[in-house]
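Source file model-v2.cif; content: mmCIF, N, CA and C atoms.
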```cif
data_input
#
loop_
_atom_site.label_atom_id
_atom_site.label_comp_id
_atom_site.auth_asym_id
_atom_site.auth_seq_id
_atom_site.Cartn_x
_atom_site.Cartn_y
_atom_site.Cartn_z
N MET R 8 66.73 8.20 25.47
CA MET R 8 66.63 6.83 25.92
C MET R 8 66.71 6.80 27.45
N SER R 9 65.97 5.90 28.07
CA SER R 9 65.94 5.78 29.52
C SER R 9 67.21 5.13 30.04
N LYS R 10 67.56 5.50 31.25
CA LYS R 10 68.67 4.84 31.92
C LYS R 10 68.20 3.44 32.32
N ILE R 11 69.04 2.45 32.16
CA ILE R 11 68.70 1.07 32.49
C ILE R 11 69.55 0.60 33.65
N THR R 12 68.90 0.01 34.64
CA THR R 12 69.58 -0.56 35.79
C THR R 12 69.30 -2.05 35.79
N GLN R 13 70.34 -2.84 35.87
CA GLN R 13 70.14 -4.28 35.92
C GLN R 13 69.81 -4.72 37.33
N MET R 14 68.94 -5.74 37.42
CA MET R 14 68.59 -6.28 38.72
C MET R 14 68.22 -7.75 38.56
N THR R 15 68.27 -8.45 39.64
CA THR R 15 67.91 -9.86 39.64
C THR R 15 66.57 -10.03 40.34
N LEU R 16 65.68 -10.75 39.71
CA LEU R 16 64.38 -11.03 40.29
C LEU R 16 64.25 -12.51 40.59
N SER R 17 63.63 -12.81 41.69
CA SER R 17 63.28 -14.20 42.01
C SER R 17 61.79 -14.34 41.77
N LEU R 18 61.44 -15.07 40.71
CA LEU R 18 60.04 -15.20 40.32
C LEU R 18 59.60 -16.65 40.42
N PRO R 19 58.31 -16.86 40.70
CA PRO R 19 57.79 -18.23 40.73
C PRO R 19 57.95 -18.90 39.37
N THR R 20 58.20 -20.18 39.39
CA THR R 20 58.44 -20.94 38.16
C THR R 20 57.26 -20.86 37.20
N ASP R 21 56.04 -20.88 37.72
CA ASP R 21 54.88 -20.81 36.82
C ASP R 21 54.84 -19.49 36.05
N LEU R 22 55.28 -18.38 36.67
CA LEU R 22 55.33 -17.11 35.96
C LEU R 22 56.41 -17.12 34.88
N ILE R 23 57.55 -17.69 35.20
CA ILE R 23 58.63 -17.80 34.22
C ILE R 23 58.17 -18.64 33.03
N ASN R 24 57.53 -19.78 33.31
CA ASN R 24 57.06 -20.66 32.23
C ASN R 24 56.02 -19.96 31.37
N ALA R 25 55.09 -19.26 31.98
CA ALA R 25 54.06 -18.54 31.22
C ALA R 25 54.70 -17.44 30.36
N THR R 26 55.68 -16.75 30.92
CA THR R 26 56.37 -15.70 30.17
C THR R 26 57.14 -16.29 29.00
N GLU R 27 57.78 -17.41 29.21
CA GLU R 27 58.52 -18.07 28.12
C GLU R 27 57.58 -18.48 27.00
N ARG R 28 56.36 -18.92 27.35
CA ARG R 28 55.38 -19.27 26.32
C ARG R 28 54.97 -18.03 25.52
N LEU R 29 54.84 -16.89 26.19
CA LEU R 29 54.52 -15.65 25.48
C LEU R 29 55.63 -15.25 24.53
N ILE R 30 56.87 -15.43 24.98
CA ILE R 30 58.02 -15.09 24.13
C ILE R 30 58.03 -16.01 22.91
N GLN R 31 57.81 -17.32 23.11
CA GLN R 31 57.80 -18.27 22.00
C GLN R 31 56.67 -17.99 21.02
N SER R 32 55.55 -17.49 21.53
CA SER R 32 54.42 -17.19 20.65
C SER R 32 54.63 -15.89 19.87
N GLY R 33 55.62 -15.10 20.28
CA GLY R 33 55.92 -13.85 19.59
C GLY R 33 55.17 -12.65 20.16
N LEU R 34 54.40 -12.83 21.22
CA LEU R 34 53.66 -11.70 21.79
C LEU R 34 54.59 -10.70 22.47
N VAL R 35 55.69 -11.16 23.02
CA VAL R 35 56.72 -10.28 23.57
C VAL R 35 58.07 -10.76 23.07
N LYS R 36 59.03 -9.84 23.02
CA LYS R 36 60.35 -10.20 22.49
C LYS R 36 61.22 -10.90 23.53
N THR R 37 61.28 -10.33 24.71
CA THR R 37 62.15 -10.87 25.76
C THR R 37 61.45 -10.80 27.10
N ILE R 38 61.97 -11.52 28.07
CA ILE R 38 61.42 -11.45 29.42
C ILE R 38 61.61 -10.04 30.00
N ASP R 39 62.71 -9.39 29.63
CA ASP R 39 62.93 -8.02 30.09
C ASP R 39 61.84 -7.08 29.58
N ASP R 40 61.47 -7.22 28.29
CA ASP R 40 60.41 -6.40 27.73
C ASP R 40 59.08 -6.65 28.46
N PHE R 41 58.80 -7.92 28.73
CA PHE R 41 57.55 -8.27 29.38
C PHE R 41 57.50 -7.73 30.81
N VAL R 42 58.56 -7.90 31.57
CA VAL R 42 58.59 -7.40 32.95
C VAL R 42 58.48 -5.89 32.97
N THR R 43 59.16 -5.22 32.05
CA THR R 43 59.08 -3.76 31.96
C THR R 43 57.65 -3.32 31.67
N LEU R 44 57.02 -3.97 30.71
CA LEU R 44 55.64 -3.66 30.36
C LEU R 44 54.71 -3.90 31.55
N ALA R 45 54.89 -5.02 32.24
CA ALA R 45 54.05 -5.34 33.39
C ALA R 45 54.24 -4.32 34.52
N LEU R 46 55.47 -3.93 34.77
CA LEU R 46 55.73 -2.94 35.82
C LEU R 46 55.12 -1.59 35.48
N HIS R 47 55.24 -1.17 34.22
CA HIS R 47 54.61 0.10 33.80
C HIS R 47 53.10 0.03 34.03
N HIS R 48 52.51 -1.08 33.65
CA HIS R 48 51.07 -1.27 33.82
C HIS R 48 50.68 -1.16 35.29
N GLU R 49 51.39 -1.86 36.15
CA GLU R 49 51.07 -1.85 37.59
C GLU R 49 51.31 -0.48 38.21
N LEU R 50 52.37 0.21 37.79
CA LEU R 50 52.63 1.55 38.31
C LEU R 50 51.50 2.51 37.96
N LEU R 51 51.03 2.47 36.71
CA LEU R 51 49.92 3.33 36.30
C LEU R 51 48.67 3.01 37.11
N LYS R 52 48.41 1.73 37.32
CA LYS R 52 47.24 1.32 38.09
C LYS R 52 47.33 1.82 39.53
N MET R 53 48.51 1.69 40.13
CA MET R 53 48.71 2.14 41.50
C MET R 53 48.58 3.66 41.60
N GLN R 54 49.09 4.40 40.61
CA GLN R 54 48.97 5.85 40.62
C GLN R 54 47.51 6.27 40.54
N LYS R 55 46.73 5.58 39.68
CA LYS R 55 45.31 5.91 39.57
C LYS R 55 44.58 5.61 40.87
N LEU R 56 44.89 4.47 41.50
CA LEU R 56 44.27 4.14 42.78
C LEU R 56 44.63 5.17 43.84
N SER R 57 45.87 5.62 43.82
CA SER R 57 46.31 6.62 44.78
C SER R 57 45.57 7.94 44.56
N GLU R 58 45.40 8.33 43.30
CA GLU R 58 44.67 9.57 42.98
C GLU R 58 43.22 9.47 43.42
N ILE R 59 42.60 8.32 43.16
CA ILE R 59 41.21 8.12 43.57
C ILE R 59 41.08 8.19 45.08
N SER R 60 42.03 7.57 45.78
CA SER R 60 42.01 7.58 47.24
C SER R 60 42.17 8.99 47.78
N GLN R 61 43.10 9.75 47.20
CA GLN R 61 43.32 11.13 47.63
C GLN R 61 42.09 11.98 47.36
N ASP R 62 41.49 11.79 46.17
CA ASP R 62 40.28 12.56 45.83
C ASP R 62 39.15 12.23 46.79
N SER R 63 38.97 10.96 47.11
CA SER R 63 37.87 10.59 48.00
C SER R 63 38.10 11.11 49.41
N GLN R 64 39.36 11.16 49.85
CA GLN R 64 39.65 11.70 51.17
C GLN R 64 39.40 13.21 51.20
N GLU R 65 39.78 13.89 50.13
CA GLU R 65 39.59 15.34 50.05
C GLU R 65 38.12 15.70 49.97
N ASN R 66 37.33 14.84 49.30
CA ASN R 66 35.92 15.13 49.09
C ASN R 66 35.02 14.46 50.12
N SER R 67 35.59 13.78 51.10
CA SER R 67 34.76 13.03 52.04
C SER R 67 33.84 13.94 52.84
N ASP R 68 34.29 15.15 53.17
CA ASP R 68 33.43 16.07 53.91
C ASP R 68 32.30 16.60 53.02
N ALA R 69 32.61 16.81 51.74
CA ALA R 69 31.62 17.36 50.83
C ALA R 69 30.63 16.29 50.37
N PHE R 70 31.01 15.02 50.45
CA PHE R 70 30.16 13.94 49.98
C PHE R 70 29.18 13.54 51.06
N ASP R 71 27.91 13.62 50.74
CA ASP R 71 26.88 13.28 51.71
C ASP R 71 26.16 12.04 51.21
N ASP R 72 26.49 10.90 51.78
CA ASP R 72 25.88 9.63 51.40
C ASP R 72 24.57 9.47 52.14
N PRO R 73 23.44 9.39 51.43
CA PRO R 73 22.15 9.30 52.11
C PRO R 73 21.99 8.03 52.95
N ILE R 74 22.71 6.99 52.63
CA ILE R 74 22.61 5.75 53.41
C ILE R 74 23.04 6.00 54.86
N TRP R 75 24.04 6.88 55.05
CA TRP R 75 24.50 7.17 56.42
C TRP R 75 23.41 7.82 57.26
N GLY R 76 22.45 8.45 56.60
CA GLY R 76 21.39 9.12 57.34
C GLY R 76 20.24 8.21 57.75
N LEU R 77 20.22 6.98 57.22
CA LEU R 77 19.14 6.07 57.58
C LEU R 77 19.13 5.82 59.08
N GLY R 78 17.98 5.88 59.65
CA GLY R 78 17.85 5.60 61.07
C GLY R 78 17.99 6.81 61.96
N GLU R 79 18.34 7.96 61.40
CA GLU R 79 18.49 9.16 62.23
C GLU R 79 17.14 9.68 62.71
N ASN R 80 16.15 9.60 61.85
CA ASN R 80 14.80 10.08 62.18
C ASN R 80 13.80 8.95 61.95
N PRO R 81 13.71 8.01 62.87
CA PRO R 81 12.83 6.86 62.66
C PRO R 81 11.36 7.26 62.59
N ILE R 82 10.64 6.54 61.75
CA ILE R 82 9.20 6.76 61.61
C ILE R 82 8.49 5.42 61.70
N GLN R 83 7.20 5.44 61.92
CA GLN R 83 6.39 4.23 61.87
C GLN R 83 5.99 4.01 60.42
N SER R 84 6.44 2.89 59.83
CA SER R 84 6.15 2.65 58.42
C SER R 84 5.24 1.45 58.20
N GLY R 85 5.01 0.69 59.23
CA GLY R 85 4.21 -0.51 59.08
C GLY R 85 5.04 -1.73 58.71
N LEU R 86 6.32 -1.54 58.39
CA LEU R 86 7.21 -2.66 58.09
C LEU R 86 7.72 -3.24 59.39
N ARG R 87 7.62 -4.55 59.54
CA ARG R 87 8.08 -5.20 60.74
C ARG R 87 9.59 -5.40 60.65
N ASP R 88 10.32 -5.01 61.66
CA ASP R 88 11.77 -5.20 61.75
C ASP R 88 12.51 -4.62 60.55
N ALA R 89 12.12 -3.44 60.09
CA ALA R 89 12.75 -2.83 58.91
C ALA R 89 14.24 -2.64 59.12
N SER R 90 14.66 -2.27 60.33
CA SER R 90 16.08 -2.04 60.55
C SER R 90 16.88 -3.33 60.46
N GLU R 91 16.27 -4.45 60.80
CA GLU R 91 16.97 -5.74 60.73
C GLU R 91 16.99 -6.28 59.30
N ASN R 92 16.09 -5.81 58.47
CA ASN R 92 15.97 -6.32 57.11
C ASN R 92 16.28 -5.25 56.06
N ILE R 93 17.15 -4.32 56.40
CA ILE R 93 17.42 -3.18 55.52
C ILE R 93 17.92 -3.62 54.14
N ASP R 94 18.78 -4.64 54.08
CA ASP R 94 19.29 -5.10 52.78
C ASP R 94 18.16 -5.65 51.92
N LYS R 95 17.23 -6.36 52.56
CA LYS R 95 16.09 -6.92 51.83
C LYS R 95 15.26 -5.79 51.22
N TYR R 96 15.01 -4.74 52.00
CA TYR R 96 14.16 -3.66 51.51
C TYR R 96 14.88 -2.77 50.50
N LEU R 97 16.19 -2.57 50.67
CA LEU R 97 16.94 -1.72 49.73
C LEU R 97 17.31 -2.44 48.46
N TYR R 98 17.79 -3.70 48.58
CA TYR R 98 18.37 -4.39 47.44
C TYR R 98 17.62 -5.64 47.02
N GLY R 99 16.59 -6.02 47.78
CA GLY R 99 15.84 -7.21 47.43
C GLY R 99 16.54 -8.49 47.84
N THR R 100 17.58 -8.39 48.66
CA THR R 100 18.30 -9.59 49.12
C THR R 100 18.51 -9.48 50.61
N SER R 101 18.84 -10.59 51.20
CA SER R 101 19.17 -10.56 52.63
C SER R 101 20.58 -11.09 52.80
N VAL R 102 21.21 -10.66 53.87
CA VAL R 102 22.60 -11.04 54.12
C VAL R 102 22.65 -12.40 54.74
#
```
Go ahead and express the file in the form of structure tokens.
Amino acid sequence: MSKITQMTLSLPTDLINATERLIQSGLVKTIDDFVTLALHHELLKMQKLSEISQDSQENSDAFDDPIWGLGENPIQSGLRDASENIDKYLYGTSV
């Protein structure tokens, strides 16, 4: 069994009210169970984001995004103002 540490949280009233409705509906047993579940969920999400960030930093040198190369070797294409309208030509939209 996990060690339990008691703490006091100051939460917005709307969150407390929503949590109480969940408890009354039977979806969660207690506010403690709900907060614990929510914290576990957020911790896992943050860990995954951290792993993705670390992976992208480690692979940033190996990753060659072709978009970064646009404009390095300009050519005559017949398109007027292609550099100003790059979003239109790539994605069909303009900014």
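Here atom N of Ser32 in chain R and atom N of Pro19 in chain R stand 19.4 Å from one another.
We find atom N of Glu49 in chain R and atom N of Gly33 in chain R to be spaced 21.1 Å apart.
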Counting only N, CA and C atoms, the residue among R:Met53, R:Thr26, R:Leu97, R:Gln13 that lies closest to Phe41 in chain R is R:Thr26
